[in-house]
>>> print(open('target-v6.csv').read())   # CSV, C-alpha atoms and all ligand atoms
chain,number,residue,atom,x,y,z
A,1,MET,CA,126.1,-25.7,-83.9
A,2,ASN,CA,122.8,-27.6,-83.8
A,3,GLU,CA,119.6,-26.2,-85.5
A,4,GLU,CA,118.0,-25.2,-82.2
A,5,ASN,CA,121.0,-23.1,-81.2
A,6,LEU,CA,121.1,-21.6,-84.7
A,7,ILE,CA,117.5,-20.5,-84.6
A,8,GLU,CA,118.0,-19.0,-81.1
A,9,LYS,CA,121.0,-17.1,-82.4
A,10,ILE,CA,119.0,-15.7,-85.3
A,11,LYS,CA,116.3,-14.6,-82.9
A,12,GLN,CA,118.8,-12.8,-80.8
A,13,LEU,CA,120.3,-11.1,-83.9
A,14,SER,CA,116.8,-10.2,-85.1
A,15,LYS,CA,116.1,-8.5,-81.7
A,16,LYS,CA,119.4,-6.7,-81.9
A,17,TYR,CA,118.7,-5.2,-85.3
A,18,SER,CA,115.0,-4.4,-84.8
A,19,SER,CA,115.8,-2.6,-81.5
A,20,THR,CA,117.5,0.0,-83.6
A,21,GLY,CA,114.9,-0.1,-86.4
A,22,GLN,CA,117.1,-2.1,-88.8
A,23,ASP,CA,116.5,-5.2,-90.8
A,24,LEU,CA,118.4,-8.4,-90.0
A,25,SER,CA,117.8,-9.9,-93.5
A,26,SER,CA,119.7,-7.1,-95.2
A,27,TYR,CA,122.6,-7.7,-92.9
A,28,LEU,CA,122.5,-11.4,-93.7
A,29,ASP,CA,122.8,-10.5,-97.4
A,30,GLY,CA,125.8,-8.5,-96.6
A,31,LEU,CA,127.4,-11.4,-94.7
A,32,LEU,CA,126.9,-13.6,-97.8
A,33,TYR,CA,129.0,-11.4,-99.9
A,34,ALA,CA,131.5,-10.1,-97.3
A,35,ASP,CA,135.1,-11.3,-97.6
A,36,TYR,CA,136.9,-12.9,-94.7
A,37,ILE,CA,139.1,-10.6,-92.7
A,38,GLY,CA,142.9,-11.2,-92.6
A,39,TYR,CA,145.4,-10.3,-89.9
A,40,TRP,CA,146.9,-7.7,-92.2
A,41,ASN,CA,143.6,-6.0,-92.8
A,42,TYR,CA,142.5,-6.2,-89.2
A,43,ILE,CA,145.6,-4.4,-87.8
A,44,HIS,CA,146.2,-2.3,-91.0
A,45,LEU,CA,149.7,-3.7,-91.2
A,46,ASP,CA,150.6,-2.3,-94.6
A,47,THR,CA,149.5,1.2,-93.5
A,48,LEU,CA,151.4,0.8,-90.2
A,49,LEU,CA,154.6,-0.2,-92.0
A,50,SER,CA,154.2,2.7,-94.5
A,51,LEU,CA,154.3,5.3,-91.8
A,52,GLN,CA,158.1,5.5,-91.4
A,53,THR,CA,159.3,8.0,-93.9
A,54,PRO,CA,162.8,9.3,-93.0
A,55,LYS,CA,163.8,12.7,-94.3
A,56,THR,CA,167.4,11.6,-94.9
A,57,ASP,CA,169.3,8.4,-96.0
A,58,PHE,CA,170.9,7.9,-92.6
A,59,PRO,CA,169.7,4.4,-91.6
A,60,ASP,CA,169.4,5.2,-87.9
A,61,GLU,CA,166.7,7.8,-88.6
A,62,GLN,CA,164.3,4.9,-88.8
A,63,ILE,CA,165.0,4.0,-85.2
A,64,PHE,CA,164.3,7.6,-84.2
A,65,ILE,CA,161.0,7.6,-86.0
A,66,ILE,CA,159.8,4.2,-84.9
A,67,TYR,CA,160.7,4.7,-81.3
A,68,HIS,CA,158.7,8.0,-81.3
A,69,GLN,CA,155.8,6.1,-82.8
A,70,ILE,CA,156.1,3.3,-80.2
A,71,THR,CA,156.0,5.9,-77.5
A,72,GLU,CA,152.9,7.6,-78.9
A,73,LEU,CA,151.1,4.2,-79.0
A,74,TYR,CA,152.0,3.6,-75.4
A,75,PHE,CA,150.7,7.1,-74.6
A,76,LYS,CA,147.5,6.1,-76.4
A,77,LEU,CA,147.1,2.9,-74.4
A,78,SER,CA,147.6,5.0,-71.2
A,79,LEU,CA,145.1,7.6,-72.4
A,80,ILE,CA,142.4,4.9,-73.0
A,81,GLU,CA,142.6,3.9,-69.4
A,82,ILE,CA,142.9,7.5,-68.1
A,83,GLU,CA,139.8,8.4,-70.1
A,84,HIS,CA,137.9,5.6,-68.3
A,85,ILE,CA,138.8,7.2,-65.0
A,86,ASN,CA,137.9,10.7,-66.2
A,87,LYS,CA,134.5,9.4,-67.4
A,88,ASN,CA,133.7,7.2,-64.5
A,89,GLY,CA,133.7,4.1,-66.7
A,90,ARG,CA,131.4,4.2,-69.8
A,91,ASN,CA,127.8,3.8,-70.7
A,92,VAL,CA,126.3,0.4,-71.6
A,93,ILE,CA,126.3,-0.1,-75.4
A,94,GLU,CA,123.0,-0.3,-77.1
A,95,THR,CA,122.5,-4.1,-77.0
A,96,GLY,CA,122.7,-3.9,-73.2
A,97,GLU,CA,125.5,-6.5,-73.2
A,98,ASP,CA,128.1,-6.2,-70.6
A,99,LEU,CA,131.3,-5.6,-72.5
A,100,GLY,CA,133.2,-4.3,-69.5
A,101,TRP,CA,132.3,-0.6,-70.3
A,102,ASN,CA,129.4,-0.3,-67.9
A,103,LYS,CA,131.2,-0.4,-64.6
A,104,THR,CA,131.1,2.7,-62.5
A,105,LEU,CA,134.3,4.0,-61.0
A,106,GLY,CA,134.5,2.1,-57.7
A,107,ILE,CA,137.7,1.6,-55.9
A,108,ASP,CA,138.4,-1.8,-57.7
A,109,LEU,CA,138.1,-0.3,-61.1
A,110,PHE,CA,140.2,2.7,-60.2
A,111,ILE,CA,142.9,0.4,-59.0
A,112,GLU,CA,142.7,-1.8,-62.1
A,113,LYS,CA,143.0,1.1,-64.4
A,114,MET,CA,146.0,2.6,-62.5
A,115,GLU,CA,147.7,-0.8,-62.6
A,116,ARG,CA,147.3,-0.9,-66.3
A,117,ILE,CA,148.6,2.6,-66.8
A,118,ASN,CA,151.7,2.0,-64.6
A,119,ARG,CA,152.4,-1.2,-66.5
A,120,TYR,CA,152.5,0.6,-69.8
A,121,LEU,CA,154.6,3.4,-68.4
A,122,ASN,CA,157.1,1.0,-66.7
A,123,ASN,CA,157.6,-0.7,-70.0
A,124,LEU,CA,158.0,2.5,-71.8
A,125,ILE,CA,160.5,3.9,-69.4
A,126,ASP,CA,162.6,0.6,-69.6
A,127,SER,CA,162.5,0.8,-73.4
A,128,PHE,CA,164.3,4.1,-73.6
A,129,GLU,CA,167.6,2.2,-74.0
A,130,ILE,CA,166.5,1.8,-77.6
A,131,MET,CA,167.2,5.4,-77.9
A,132,ILE,CA,169.9,5.9,-75.4
A,133,LYS,CA,172.1,3.0,-76.5
A,134,GLY,CA,170.8,2.1,-79.9
A,135,MET,CA,171.4,5.1,-82.2
A,136,GLU,CA,174.6,6.4,-83.6
A,137,LYS,CA,175.3,9.9,-82.3
A,138,LYS,CA,177.1,10.9,-85.4
A,139,GLN,CA,174.1,10.0,-87.6
A,140,PHE,CA,171.6,11.6,-85.2
A,141,LEU,CA,173.5,15.0,-85.1
A,142,LYS,CA,173.2,15.1,-88.9
A,143,PHE,CA,169.7,13.8,-89.6
A,144,ARG,CA,168.2,16.0,-86.8
A,145,MET,CA,168.9,19.0,-88.9
A,146,ALA,CA,166.3,17.8,-91.4
A,147,LEU,CA,163.6,17.7,-88.6
A,148,LEU,CA,163.7,21.4,-87.6
A,149,PRO,CA,161.7,22.9,-86.1
A,150,SER,CA,159.8,19.9,-84.9
A,151,SER,CA,160.4,18.4,-81.5
A,152,GLY,CA,158.9,15.7,-79.2
A,153,PHE,CA,157.9,18.8,-77.2
A,154,GLN,CA,155.0,18.9,-79.7
A,155,SER,CA,153.6,15.6,-78.5
A,156,VAL,CA,149.9,16.4,-78.0
A,157,GLN,CA,149.2,13.1,-76.3
A,158,TYR,CA,151.8,13.9,-73.6
A,159,ARG,CA,150.0,17.2,-72.9
A,160,MET,CA,146.6,15.4,-72.8
A,161,ILE,CA,148.0,13.0,-70.2
A,162,GLU,CA,149.0,15.9,-68.1
A,163,LEU,CA,145.7,17.7,-68.5
A,164,ARG,CA,143.7,14.6,-67.8
A,165,SER,CA,145.7,13.8,-64.6
A,166,THR,CA,145.6,16.9,-62.5
A,167,ASN,CA,144.3,20.4,-61.9
A,168,LEU,CA,145.5,23.1,-64.3
A,169,SER,CA,147.2,25.1,-61.6
A,170,GLN,CA,149.6,22.1,-60.8
A,171,LEU,CA,150.9,22.5,-64.4
A,172,ASN,CA,151.8,26.1,-63.8
A,173,PRO,CA,155.3,27.2,-62.6
A,174,HIS,CA,155.4,27.1,-58.8
A,175,GLU,CA,155.6,30.8,-58.4
A,176,LEU,CA,152.3,31.3,-60.4
A,177,GLN,CA,150.3,28.4,-58.9
A,178,THR,CA,148.2,30.4,-56.6
A,179,SER,CA,148.0,33.6,-58.6
A,180,SER,CA,145.0,33.0,-60.7
A,181,LYS,CA,142.0,30.7,-60.9
A,182,ASN,CA,141.0,31.9,-64.4
A,183,LEU,CA,141.1,29.0,-66.8
A,184,LYS,CA,142.6,31.0,-69.7
A,185,THR,CA,145.3,32.6,-67.6
A,186,MET,CA,146.2,29.2,-66.1
A,187,TYR,CA,146.2,27.6,-69.5
A,188,ASN,CA,148.5,30.4,-70.9
A,189,ASN,CA,150.8,29.8,-67.9
A,190,LEU,CA,151.4,26.1,-68.5
A,191,TYR,CA,155.0,25.3,-67.6
A,192,TRP,CA,155.9,24.2,-71.1
A,193,LYS,CA,154.6,27.4,-72.6
A,194,HIS,CA,157.0,29.3,-70.3
A,195,GLY,CA,159.8,26.8,-71.1
A,196,ALA,CA,159.6,27.5,-74.8
A,197,MET,CA,160.1,31.2,-74.6
A,198,ASP,CA,163.4,33.0,-75.3
A,199,LEU,CA,164.6,34.2,-71.9
A,200,LYS,CA,165.8,37.5,-73.1
A,201,THR,CA,163.2,38.6,-75.6
A,202,LYS,CA,160.3,36.7,-73.9
A,203,LYS,CA,159.2,35.7,-77.4
A,204,LYS,CA,157.7,32.3,-78.1
A,205,THR,CA,159.8,29.8,-80.0
A,206,TYR,CA,158.5,28.9,-83.5
A,207,THR,CA,158.0,25.3,-82.3
A,208,LEU,CA,155.6,26.5,-79.6
A,209,LYS,CA,153.8,28.8,-82.0
A,210,GLN,CA,153.3,26.0,-84.5
A,211,PHE,CA,152.0,23.7,-81.7
A,212,GLU,CA,149.6,26.4,-80.3
A,213,ARG,CA,148.2,27.0,-83.8
A,214,LYS,CA,147.3,23.4,-84.2
A,215,TYR,CA,146.2,22.3,-80.7
A,216,ASP,CA,145.5,25.3,-78.4
A,217,GLU,CA,141.8,25.3,-79.0
A,218,ARG,CA,141.4,21.6,-78.5
A,219,LEU,CA,143.6,21.5,-75.4
A,220,MET,CA,141.9,24.5,-73.8
A,221,LYS,CA,138.5,22.7,-74.2
A,222,LEU,CA,140.0,19.6,-72.6
A,223,ALA,CA,141.4,21.6,-69.7
A,224,ASN,CA,137.9,23.0,-69.1
A,225,LYS,CA,136.3,19.6,-69.3
A,226,MET,CA,138.8,18.1,-66.9
A,227,LYS,CA,138.1,20.6,-64.1
A,228,GLY,CA,136.0,18.0,-62.2
A,229,GLY,CA,137.1,14.9,-64.1
A,230,ASN,CA,140.9,14.6,-64.0
A,231,ILE,CA,142.4,11.7,-62.0
A,232,TRP,CA,143.1,13.9,-59.0
A,233,ALA,CA,139.5,15.2,-58.9
A,234,LYS,CA,138.2,11.7,-59.2
A,235,TYR,CA,140.3,10.5,-56.4
A,236,ASN,CA,139.1,13.4,-54.2
A,237,SER,CA,135.5,12.6,-55.0
A,238,MET,CA,135.8,9.1,-53.5
A,239,SER,CA,134.5,8.2,-50.1
A,240,PRO,CA,136.8,9.0,-47.1
A,241,LYS,CA,137.3,5.2,-46.7
A,242,ASP,CA,138.3,4.7,-50.3
A,243,LYS,CA,140.6,7.7,-50.3
A,244,LYS,CA,142.6,6.0,-47.6
A,245,ASN,CA,143.0,2.8,-49.6
A,246,LYS,CA,146.8,2.1,-49.5
A,247,THR,CA,146.9,0.3,-52.8
A,248,LEU,CA,145.3,3.1,-54.7
A,249,ILE,CA,147.5,5.7,-53.0
A,250,LYS,CA,150.6,3.7,-53.9
A,251,LEU,CA,149.5,3.4,-57.5
A,252,LEU,CA,148.8,7.1,-57.8
A,253,LYS,CA,152.2,7.9,-56.4
A,254,GLU,CA,153.9,5.5,-58.7
A,255,TYR,CA,152.1,7.1,-61.6
A,256,ASP,CA,153.1,10.6,-60.5
A,257,ILE,CA,156.8,9.4,-60.4
A,258,ASN,CA,156.5,7.5,-63.6
A,259,ILE,CA,155.3,10.5,-65.7
A,260,ASN,CA,157.0,13.4,-63.9
A,261,VAL,CA,160.3,11.9,-62.9
A,262,ASN,CA,161.1,8.5,-64.4
A,263,TRP,CA,160.0,9.1,-67.9
A,264,LYS,CA,161.3,12.7,-67.9
A,265,LEU,CA,164.7,11.4,-66.7
A,266,ALA,CA,165.0,8.6,-69.1
A,267,HIS,CA,164.1,11.1,-71.8
A,268,TYR,CA,166.6,13.6,-70.4
A,269,LYS,CA,169.3,11.0,-70.5
A,270,SER,CA,168.8,10.7,-74.2
A,271,ALA,CA,169.0,14.4,-74.7
A,272,VAL,CA,172.3,14.5,-72.6
A,273,LYS,CA,173.8,11.6,-74.7
A,274,TYR,CA,172.9,13.2,-78.0
A,275,LEU,CA,173.1,16.9,-77.4
A,276,LYS,CA,175.9,17.3,-74.8
A,277,ASN,CA,179.6,17.4,-75.5
A,278,LYS,CA,182.5,17.8,-73.2
A,279,ASN,CA,182.6,21.5,-73.4
A,280,ASN,CA,179.3,22.6,-74.8
A,281,SER,CA,175.7,21.7,-75.5
A,282,THR,CA,174.0,21.5,-78.9
A,283,ALA,CA,170.9,23.6,-79.4
A,284,ALA,CA,167.7,21.6,-79.4
A,285,THR,CA,165.4,21.4,-82.4
A,286,GLY,CA,162.5,22.9,-80.4
A,287,GLY,CA,164.7,25.7,-79.2
A,288,THR,CA,164.2,25.4,-75.4
A,289,ASN,CA,166.9,26.0,-73.0
A,290,TRP,CA,166.8,22.2,-72.6
A,291,GLU,CA,169.3,21.8,-69.8
A,292,ASN,CA,167.0,23.9,-67.5
A,293,PHE,CA,163.7,22.8,-69.0
A,294,LEU,CA,164.0,19.0,-69.1
A,295,PRO,CA,165.3,17.8,-65.7
A,296,PRO,CA,162.3,17.1,-63.4
A,297,LYS,CA,164.1,18.7,-60.5
A,298,PHE,CA,163.7,22.1,-62.1
A,299,GLN,CA,160.1,22.1,-63.3
A,300,LYS,CA,158.9,20.0,-60.3
A,301,ILE,CA,155.7,19.1,-61.9
A,302,ILE,CA,153.7,17.0,-59.4
A,303,PHE,CA,150.2,15.8,-60.2
A,304,PHE,CA,149.1,14.8,-56.7
A,305,PRO,CA,151.0,17.1,-54.2
A,306,GLU,CA,148.9,16.2,-51.2
A,307,LEU,CA,150.1,12.5,-51.4
A,308,TRP,CA,153.7,13.6,-50.9
A,309,SER,CA,155.5,14.9,-47.8
A,310,LYS,CA,157.1,18.3,-47.7
A,311,LYS,CA,160.5,16.8,-47.9
A,312,GLU,CA,159.6,14.5,-50.8
A,313,LYS,CA,158.4,17.5,-52.7
A,314,GLU,CA,161.5,19.5,-51.9
A,315,ASN,CA,163.7,16.6,-53.2
A,316,TRP,CA,161.5,15.9,-56.3
A,317,GLY,CA,163.8,14.3,-58.9
A,318,LYS,CA,166.9,15.5,-57.1
A,319,ASN,CA,168.6,12.2,-56.3
A,320,TRP,CA,168.0,10.9,-59.7
A,321,VAL,CA,169.4,14.0,-61.3
A,322,LYS,CA,172.5,13.9,-59.1
A,323,SER,CA,173.2,10.3,-59.8
A,324,MET,CA,172.8,10.8,-63.5
A,325,LEU,CA,175.1,13.7,-63.8
A,326,LYS,CA,178.0,12.1,-61.9
B,1,LIG,C1,167.6,11.3,-79.2
B,1,LIG,C2,166.4,11.4,-78.7
B,1,LIG,C3,165.8,12.6,-78.1
B,1,LIG,C4,166.3,13.9,-77.9
B,1,LIG,C5,167.8,14.3,-78.1
B,1,LIG,C6,165.3,14.7,-77.4
B,1,LIG,C7,165.4,16.1,-77.1
B,1,LIG,C8,164.4,16.9,-76.6
B,1,LIG,C9,164.6,18.2,-76.2
B,1,LIG,C10,165.9,19.0,-76.2
B,1,LIG,C11,163.4,18.7,-75.7
B,1,LIG,C12,163.1,20.1,-75.2
B,1,LIG,C13,162.3,20.8,-76.3
B,1,LIG,C14,163.2,21.3,-77.4
B,1,LIG,O1,163.8,22.3,-77.2
B,1,LIG,O2,163.2,20.6,-78.4
B,1,LIG,C15,162.5,17.6,-75.8
B,1,LIG,C16,161.2,17.6,-75.3
B,1,LIG,C17,160.3,16.6,-75.4
B,1,LIG,N1,160.5,15.4,-76.0
B,1,LIG,FE1,162.3,14.7,-76.7
B,1,LIG,N2,164.1,14.0,-77.4
B,1,LIG,C18,164.4,12.7,-77.8
B,1,LIG,C19,163.5,11.7,-77.9
B,1,LIG,C20,162.1,11.7,-77.6
B,1,LIG,C21,161.2,10.7,-77.7
B,1,LIG,C22,161.5,9.3,-78.2
B,1,LIG,C23,160.0,11.2,-77.3
B,1,LIG,C24,158.7,10.4,-77.4
B,1,LIG,C25,157.6,10.9,-77.8
B,1,LIG,C26,160.2,12.5,-76.9
B,1,LIG,C27,159.2,13.4,-76.4
B,1,LIG,C28,159.4,14.6,-75.9
B,1,LIG,C29,158.4,15.3,-75.1
B,1,LIG,C30,157.0,14.8,-74.7
B,1,LIG,C31,159.0,16.5,-74.7
B,1,LIG,C32,158.4,17.6,-73.8
B,1,LIG,C33,158.9,17.3,-72.4
B,1,LIG,C34,158.4,18.2,-71.3
B,1,LIG,O3,157.6,19.1,-71.6
B,1,LIG,O4,158.9,18.1,-70.2
B,1,LIG,N3,161.5,12.9,-77.1
B,1,LIG,N4,163.1,16.5,-76.3
>>> encode(input="target-v6.csv", output="structure tokens")
Amino acid sequence: MNEENLIEKIKQLSKKYSSTGQDLSSYLDGLLYADYIGYWNYIHLDTLLSLQTPKTDFPDEQIFIIYHQITELYFKLSLIEIEHINKNGRNVIETGEDLGWNKTLGIDLFIEKMERINRYLNNLIDSFEIMIKGMEKKQFLKFRMALLPSSGFQSVQYRMIELRSTNLSQLNPHELQTSSKNLKTMYNNLYWKHGAMDLKTKKKTYTLKQFERKYDERLMKLANKMKGGNIWAKYNSMSPKDKKNKTLIKLLKEYDININVNWKLAHYKSAVKYLKNKNNSTAATGGTNWENFLPPKFQKIIFFPELWSKKEKENWGKNWVKSMLK
């Protein structure tokens, strides 16, 4: 870099720091002493690789843990994009530089975000083979007993994806969807809360109680915040012309199917492989009646019902379930 450019850079830096009442020269001192960053520091590799701590000595337990972690990271990638939609893009950062955050949610950005989310989810759904084919059943049935009462059911990011995508009433069992507009009632009627209750005693499973203790307050706040900000609400607030955009509608439908049918079905396949025997089913670690709870055909959770025909909604997940159980 020539001297002129260097001076120009220093001027820009000085402007940046003085705009927030700070002193460039102190930062330059810091730079003099700062060490170079290495790949391992930047992505926290040692920490990342220290997060797999099996509860037993069965080697395949590592696959189980790592695949859950991979899934959570994909959920996080999806949530980053979903949040952009929820917040209409983001504010300009203080320097005023365009880092791609300061776009408002026009049709092009909405489409770009939905494309990214579906790309993540398609990859995730395809990767389920890691679990369905790649883990010894014999080992799983033993090491799972050391995980009680935890269950993927307690994935808070999965619940955040749901709450950030649609109106709360859509996540209630169908027979209750029109019964109340009260936020607390609708929250307490979430389909997964109903799914984790003992059918006879109507008591909540311990897995659900544990989850509620940790996350209910946070999730209820989110549900409230998302009233006008979830993906469906954002779509509905667009102009009549944008709402008819075929690409956007196709992407929203793909997303609905990806979360509520394809992912659920890939996941259900793993439950069938590991928990079902010829004559009986093994109880799940989370204690749900999983053969009724997991298949998308039974819960029929649909984020964007107005985008589907009556027939499509009636057959939600059915063909997939049939072909799977053959
Ligand atoms: C061998 C592999 C797996 C088996 C046998 C299995 C089994 C189950 C079962 C039986 C349930 C119902 C709740 C319960 O009673 O425990 C459940 C729920 C759930 N699991 Fe898994 N699971 C597996 C892998 C995974 C993975 C890799 C993830 C990724 C995070 C995951 C995430 C979830 C989620 C989000 C739910 C709630 C689904 C809903 O509400 O519809 N599971 N799982």
>>> closest_residue(input="target-v6.csv", among="A:Tyr27, A:Tyr120, A:Phe75, A:Trp316", to="ligand LIG 1 (chain B)", atoms="all atoms listed in the file")
A:Phe75
>>> atom_distance(input="target-v6.csv", atom1="CA of Phe303 (chain A)", atom2="CA of Gln69 (chain A)")
25.2 Å
>>> residues_near_ligand(input="target-v6.csv", ligand="ligand LIG 1 (chain B)", cutoff="6 Å", atoms="only C-alpha atoms and all ligand atoms", output="PDB file with C-alpha atoms, keeping the file's coordinate frame")
ATOM      1  CA  TYR A  67     160.700   4.700 -81.300  1.00  0.00           C
ATOM      2  CA  HIS A  68     158.700   8.000 -81.300  1.00  0.00           C
ATOM      3  CA  THR A  71     156.000   5.900 -77.500  1.00  0.00           C
ATOM      4  CA  GLU A  72     152.900   7.600 -78.900  1.00  0.00           C
ATOM      5  CA  SER A 151     160.400  18.400 -81.500  1.00  0.00           C
ATOM      6  CA  GLY A 152     158.900  15.700 -79.200  1.00  0.00           C
ATOM      7  CA  PHE A 153     157.900  18.800 -77.200  1.00  0.00           C
ATOM      8  CA  SER A 155     153.600  15.600 -78.500  1.00  0.00           C
ATOM      9  CA  TYR A 158     151.800  13.900 -73.600  1.00  0.00           C
ATOM     10  CA  TRP A 192     155.900  24.200 -71.100  1.00  0.00           C
ATOM     11  CA  SER A 270     168.800  10.700 -74.200  1.00  0.00           C
ATOM     12  CA  ALA A 271     169.000  14.400 -74.700  1.00  0.00           C
ATOM     13  CA  TYR A 274     172.900  13.200 -78.000  1.00  0.00           C
ATOM     14  CA  LEU A 275     173.100  16.900 -77.400  1.00  0.00           C
ATOM     15  CA  ALA A 284     167.700  21.600 -79.400  1.00  0.00           C
ATOM     16  CA  THR A 285     165.400  21.400 -82.400  1.00  0.00           C
ATOM     17  CA  GLY A 286     162.500  22.900 -80.400  1.00  0.00           C
ATOM     18  CA  GLY A 287     164.700  25.700 -79.200  1.00  0.00           C
ATOM     19  CA  THR A 288     164.200  25.400 -75.400  1.00  0.00           C
ATOM     20  CA  TRP A 290     166.800  22.200 -72.600  1.00  0.00           C
ATOM     21  CA  LEU A 294     164.000  19.000 -69.100  1.00  0.00           C
TER      22      LEU A 294
END
>>> residues_around(input="target-v6.csv", residues="Val272 (chain A)", least_positions_apart="3", cutoff="12 Å", atoms="all atoms listed in the file", output="PyMOL selection string")
chain A and resi 131-132+137+265-269+275-278+280-284+290-292+294-295+321+324-325
>>> residues_around(input="target-v6.csv", residues="Leu77 (chain A)", least_positions_apart="4", cutoff="9 Å", atoms="all atoms listed in the file", output="list of chain:residue names")
A:Glu72, A:Leu73, A:Glu81, A:Ile82, A:Arg116, A:Ile117, A:Tyr120
>>> residues_around(input="target-v6.csv", residues="Met135 (chain A)", least_positions_apart="5", cutoff="8 Å", atoms="all atoms listed in the file", output="ChimeraX atom specification")
/A:60,63-64,130,140
>>> closest_atom_pairs(input="target-v6.csv", of="region 155-186 of chain A", to="region 245-262 of chain A", cutoff="12 Å", atoms="only C-alpha atoms", output="JSON lines")
{"residue": "A:Tyr158", "atom": "CA", "partner": "A:Ile259", "partner_atom": "CA", "distance": 9.3}
{"residue": "A:Arg159", "atom": "CA", "partner": "A:Ile259", "partner_atom": "CA", "distance": 11.2}
{"residue": "A:Ile161", "atom": "CA", "partner": "A:Ile259", "partner_atom": "CA", "distance": 8.9}
{"residue": "A:Glu162", "atom": "CA", "partner": "A:Ile259", "partner_atom": "CA", "distance": 8.6}
{"residue": "A:Ser165", "atom": "CA", "partner": "A:Asp256", "partner_atom": "CA", "distance": 9.0}
{"residue": "A:Thr166", "atom": "CA", "partner": "A:Asp256", "partner_atom": "CA", "distance": 10.0}
{"residue": "A:Gln170", "atom": "CA", "partner": "A:Asn260", "partner_atom": "CA", "distance": 11.8}
{"residue": "A:Leu171", "atom": "CA", "partner": "A:Asn260", "partner_atom": "CA", "distance": 11.0}
>>> atom_distance(input="target-v6.csv", atom1="CA of Leu105 (chain A)", atom2="CA of Asn88 (chain A)")
4.8 Å
>>> atom_distance(input="target-v6.csv", atom1="CA of Ala196 (chain A)", atom2="CA of Leu208 (chain A)")
6.3 Å
>>> residues_near_point(input="target-v6.csv", point="(155.4, 26.7, -81.9)", cutoff="9 Å", atoms="all atoms listed in the file", output="ChimeraX atom specification")
/A:149-150,154,196,204-213,286
>>> write_last_selection(input="target-v6.csv", atoms="C-alpha atoms", output="short mmCIF file (atom, residue, chain, number, x, y, z; two decimals), in the frame of the given file")
data_model
loop_
_atom_site.label_atom_id
_atom_site.label_comp_id
_atom_site.auth_asym_id
_atom_site.auth_seq_id
_atom_site.Cartn_x
_atom_site.Cartn_y
_atom_site.Cartn_z
CA PRO A 149 161.70 22.90 -86.10
CA SER A 150 159.80 19.90 -84.90
CA GLN A 154 155.00 18.90 -79.70
CA ALA A 196 159.60 27.50 -74.80
CA LYS A 204 157.70 32.30 -78.10
CA THR A 205 159.80 29.80 -80.00
CA TYR A 206 158.50 28.90 -83.50
CA THR A 207 158.00 25.30 -82.30
CA LEU A 208 155.60 26.50 -79.60
CA LYS A 209 153.80 28.80 -82.00
CA GLN A 210 153.30 26.00 -84.50
CA PHE A 211 152.00 23.70 -81.70
CA GLU A 212 149.60 26.40 -80.30
CA ARG A 213 148.20 27.00 -83.80
CA GLY A 286 162.50 22.90 -80.40
#
>>> closest_residue(input="target-v6.csv", among="A:Tyr215, A:Asn188, A:Gly106, A:Lys203", to="Ser239 (chain A)", atoms="all atoms listed in the file")
A:Gly106
